[in-house]
Amino acid sequence: GLSLMPDGIYYDGGAGNDELALVGNRTVSASSYQVGPDVTSGTIVHITVAGTQTVHFTGLEPILDTVTADTLTVYGTDADNAINYQPPDGTIPGFISVDGFEPISFLNKTRVSVAGLGGSDHVIVYGVPNQDDGPIWTPNGGSAGTLGMTGAPPLDVLLIEKITFDADGDDETLTIVGTAGDDTFVHQPGSLPGSGLMSVTTPDVALLPLHYQGFDPDSTVVFNGNGAGAEGDLLTVLGTAGNDNLALGWSGSNAIRATLETGAGFYPTVASTA
């Protein structure tokens with residue numbers, strides 16, 4: 001069971017390579033990990049109806065949390081953070097790191113959140129190797145959104161300035177979902193084939209765009225209008241600064257497919273729906 005000490009548990013790993021493993025068959029409603037204040041320190045919290053278990057640690061290297069929880073939230077710092085996220089793959093734990101702080105590996109979480117707090121924060125999400133993760137990005141504000149992936153818990157990002165999905169060379173079908181109102185979608189190719197930027201702007205706010213990289217040329221990026229208001233949705237497909245071969249065709253009602261070839265090669269096909 002959980003240790004519900006009022007002042008929490010303090011663990012000092014000292015010298016050497018020390019692992020902190022949080023395991024057990026107790027289900028909790030929420031778990032969280034706050035990095036710092038130094039790179040070998042942090043605080044892990046598990047919350048149940050009965051109370052809260054708090055573990056403060058220092059002098060550790062790996063951390064593993066397999067406690068079943070509805071949510072896992074990892075907090076950055078008030079500085080600029082580089083945050084890396086690898087989703088779990090079956091029994092292989094997922095992984096989250098914040099700068100040079102101690103990373104956390106995890107399993108058995110229904111939903112995962114990353115909160116950047118202050119500074120200018122960049123989250124890089126790595127797909128599971130050798131499969132189409134079916135990533136679906138739904139921005140819900142200028143610094144927030146949800147990334148769904150096949151077989152993985154949904155990832156919510158909060159107070160984030162940039163998010164990138166890295167396919168690591170796989171053939172992916174990446175979708176960005178707009179609002180139910182009038183949206184302006186833009187696809188901007190990156191500096192290299194297999195990379196680009198997908199953005200959505202409403203009449204009121206520019207939503208958090210999604211960068212992507214490492215995509216196989218056979219991949220597809222899809223803009224889902226999610227319905228439209230009185231004026232309808234607009235999709236703009238941009239070329240590069242060089243010589244481009246852009247082919248555009250209709251694949252259905254209100255649906256297009258666009259291919260872009262440059263001297264460097266093919267970019268993923270751009271498609272639209274709804």
# chains A, B, ... in the order shown; residues from 1 in each chain; ligands from 1

call {"tool": "residues_around", "arguments": {"residues": "A:Ile44", "least_positions_apart": "5", "cutoff": "12 Å", "atoms": "only C-alpha atoms", "output": "ChimeraX atom specification"}}
result
/A:8-11,20-22,30-36,52-58,63-65,67,72-75,102-104

call {"tool": "write_last_selection", "arguments": {"atoms": "N, CA and C atoms", "output": "compact mmCIF listing (two decimals), in the first residue's frame"}}
result
# COMPACT_ATOMS: atom_id res chain seq x y z
N GLY A 8 5.92 13.17 3.99
CA GLY A 8 6.44 12.44 2.86
C GLY A 8 7.64 11.56 3.21
N ILE A 9 8.20 10.95 2.17
CA ILE A 9 9.36 10.08 2.29
C ILE A 9 10.55 10.77 1.62
N TYR A 10 11.71 10.75 2.28
CA TYR A 10 12.92 11.34 1.72
C TYR A 10 13.93 10.22 1.47
N TYR A 11 14.42 10.15 0.23
CA TYR A 11 15.35 9.08 -0.14
C TYR A 11 16.59 9.70 -0.77
N LEU A 20 15.16 4.11 -8.32
CA LEU A 20 13.95 4.18 -7.50
C LEU A 20 12.82 3.57 -8.31
N ALA A 21 12.22 2.50 -7.79
CA ALA A 21 11.12 1.81 -8.47
C ALA A 21 9.87 1.93 -7.60
N LEU A 22 8.79 2.47 -8.19
CA LEU A 22 7.51 2.57 -7.51
C LEU A 22 6.59 1.55 -8.15
N ALA A 30 -4.19 9.67 -9.46
CA ALA A 30 -3.27 10.56 -10.17
C ALA A 30 -1.86 10.35 -9.64
N SER A 31 -0.89 10.50 -10.53
CA SER A 31 0.51 10.49 -10.16
C SER A 31 1.19 11.67 -10.85
N SER A 32 2.27 12.16 -10.24
CA SER A 32 2.98 13.30 -10.84
C SER A 32 4.45 13.22 -10.50
N TYR A 33 5.24 13.88 -11.35
CA TYR A 33 6.69 13.95 -11.16
C TYR A 33 7.14 15.37 -11.43
N GLN A 34 7.73 16.00 -10.40
CA GLN A 34 8.31 17.33 -10.53
C GLN A 34 9.82 17.20 -10.45
N VAL A 35 10.51 17.61 -11.52
CA VAL A 35 11.97 17.51 -11.54
C VAL A 35 12.58 18.59 -10.66
N GLY A 36 13.83 18.32 -10.20
CA GLY A 36 14.60 19.33 -9.50
C GLY A 36 14.45 19.29 -7.99
N THR A 52 -2.43 10.98 0.20
CA THR A 52 -1.37 11.27 -0.76
C THR A 52 -0.04 10.72 -0.28
N GLN A 53 0.65 10.01 -1.17
CA GLN A 53 2.02 9.57 -0.90
C GLN A 53 2.98 10.48 -1.66
N THR A 54 3.94 11.06 -0.94
CA THR A 54 4.92 11.95 -1.55
C THR A 54 6.32 11.40 -1.30
N VAL A 55 7.09 11.24 -2.38
CA VAL A 55 8.46 10.75 -2.29
C VAL A 55 9.39 11.84 -2.83
N HIS A 56 10.26 12.36 -1.94
CA HIS A 56 11.31 13.29 -2.34
C HIS A 56 12.61 12.49 -2.47
N PHE A 57 13.36 12.71 -3.53
CA PHE A 57 14.58 11.93 -3.70
C PHE A 57 15.72 12.82 -4.18
N THR A 58 16.92 12.33 -3.94
CA THR A 58 18.12 12.95 -4.49
C THR A 58 19.17 11.86 -4.66
N ILE A 63 14.48 6.20 -12.72
CA ILE A 63 13.24 6.14 -11.95
C ILE A 63 12.23 5.33 -12.76
N LEU A 64 11.54 4.39 -12.10
CA LEU A 64 10.53 3.57 -12.75
C LEU A 64 9.24 3.63 -11.93
N ASP A 65 8.12 3.95 -12.59
CA ASP A 65 6.82 4.01 -11.93
C ASP A 65 5.85 3.14 -12.72
N VAL A 67 2.99 1.91 -11.06
CA VAL A 67 1.74 1.95 -10.32
C VAL A 67 0.60 2.33 -11.27
N LEU A 72 -0.70 10.48 -15.33
CA LEU A 72 0.67 10.80 -14.94
C LEU A 72 0.98 12.18 -15.50
N THR A 73 1.38 13.11 -14.63
CA THR A 73 1.75 14.46 -15.06
C THR A 73 3.21 14.71 -14.73
N VAL A 74 3.97 15.14 -15.72
CA VAL A 74 5.38 15.49 -15.54
C VAL A 74 5.52 16.99 -15.74
N TYR A 75 6.12 17.64 -14.74
CA TYR A 75 6.26 19.09 -14.77
C TYR A 75 7.69 19.49 -15.14
N GLU A 102 16.65 13.83 -13.91
CA GLU A 102 16.44 12.39 -13.93
C GLU A 102 15.17 12.05 -14.73
N PRO A 103 15.28 11.21 -15.76
CA PRO A 103 14.10 10.81 -16.53
C PRO A 103 13.24 9.84 -15.74
N ILE A 104 12.01 9.68 -16.15
CA ILE A 104 11.11 8.72 -15.53
C ILE A 104 10.62 7.75 -16.60

call {"tool": "select_by_dssp", "arguments": {"residues": "stretch 158-187 of chain A", "states": "strand (DSSP E)", "output": "list in words"}}
result
Leu158, Lys162, Ile163, Thr164, Phe165, Asp166, Thr173, Leu174, Thr175, Ile176, Val177, Thr184, Phe185, Val186 and His187 of chain A

call {"tool": "residues_around", "arguments": {"residues": "A:Pro37", "least_positions_apart": "3", "cutoff": "10 Å", "atoms": "only C-alpha atoms", "output": "list in words"}}
result
Gln34, Thr40, Ser41, Gly42, Thr43, Thr58, Thr77 and Phe101 of chain A

call {"tool": "residues_around", "arguments": {"residues": "A:Leu207", "least_positions_apart": "4", "cutoff": "7 Å", "atoms": "only C-alpha atoms", "output": "list in words"}}
result
Pro139, Asn140, Gly141, Gly142, Val200 and Thr201 of chain A

call {"tool": "atom_distance", "arguments": {"atom1": "atom CA of A:Asp170", "atom2": "atom CA of A:Tyr212"}}
result
12.0 Å

call {"tool": "closest_residue", "arguments": {"among": "A:Pro129, A:Gly196, A:Val186, A:Ala258", "to": "A:Asp233", "atoms": "only C-alpha atoms"}}
result
A:Val186

call {"tool": "closest_atom_pairs", "arguments": {"of": "stretch 156-230 of chain A", "to": "stretch 107-116 of chain A", "cutoff": "6 Å", "atoms": "only C-alpha atoms", "output": "Markdown table"}}
result
| residue | atom | partner | partner_atom | distance |
| --- | --- | --- | --- | --- |
| A:Asp156 | CA | A:Ser113 | CA | 4.5 |
| A:Val157 | CA | A:Val114 | CA | 4.9 |
| A:Leu158 | CA | A:Ala115 | CA | 4.6 |
| A:Leu159 | CA | A:Gly116 | CA | 5.1 |
| A:Ile160 | CA | A:Gly116 | CA | 5.4 |

call {"tool": "atom_distance", "arguments": {"atom1": "atom CA of A:Leu238", "atom2": "atom CA of A:Thr259"}}
result
10.9 Å

call {"tool": "residues_around", "arguments": {"residues": "stretch 213-228 of chain A", "least_positions_apart": "3", "cutoff": "6 Å", "atoms": "only C-alpha atoms", "output": "PyMOL selection string"}}
result
chain A and resi 166-182+194-195+232-233+266-274

call {"tool": "residues_around", "arguments": {"residues": "A:Ile163", "least_positions_apart": "4", "cutoff": "9 Å", "atoms": "only C-alpha atoms", "output": "PyMOL selection string"}}
result
chain A and resi 121-125+157+208-212

call {"tool": "closest_residue", "arguments": {"among": "A:Phe106, A:Thr48, A:Arg26, A:Met198", "to": "A:Trp137", "atoms": "only C-alpha atoms"}}
result
A:Met198

call {"tool": "residues_around", "arguments": {"residues": "A:Thr262", "least_positions_apart": "5", "cutoff": "10 Å", "atoms": "only C-alpha atoms", "output": "PyMOL selection string"}}
result
chain A and resi 192-193+239-246+267

call {"tool": "atom_distance", "arguments": {"atom1": "atom CA of A:Thr27", "atom2": "atom CA of A:Asp99"}}
result
29.5 Å

call {"tool": "decode", "arguments": {"residues": "stretch 99-120 of chain A", "atoms": "C-alpha atoms", "output": "compact mmCIF listing (two decimals), in the first residue's frame"}}
result
# COMPACT_ATOMS: atom_id res chain seq x y z
CA ASP A 99 16.66 18.56 -19.90
CA GLY A 100 19.38 16.84 -17.85
CA PHE A 101 17.12 15.99 -14.91
CA GLU A 102 16.44 12.39 -13.93
CA PRO A 103 14.10 10.81 -16.53
CA ILE A 104 11.11 8.72 -15.53
CA SER A 105 10.08 5.41 -17.13
CA PHE A 106 6.47 4.33 -16.68
CA LEU A 107 3.72 1.80 -17.38
CA ASN A 108 0.02 1.41 -16.53
CA LYS A 109 -1.04 5.04 -17.01
CA THR A 110 -4.40 5.78 -18.67
CA ARG A 111 -3.40 9.30 -19.68
CA VAL A 112 -0.13 11.26 -19.66
CA SER A 113 0.37 15.03 -19.33
CA VAL A 114 3.43 17.22 -19.76
CA ALA A 115 3.32 20.75 -18.32
CA GLY A 116 6.08 23.12 -19.37
CA LEU A 117 5.39 25.84 -16.77
CA GLY A 118 7.55 28.93 -17.48
CA GLY A 119 10.12 29.58 -20.18
CA SER A 120 10.01 28.49 -23.81
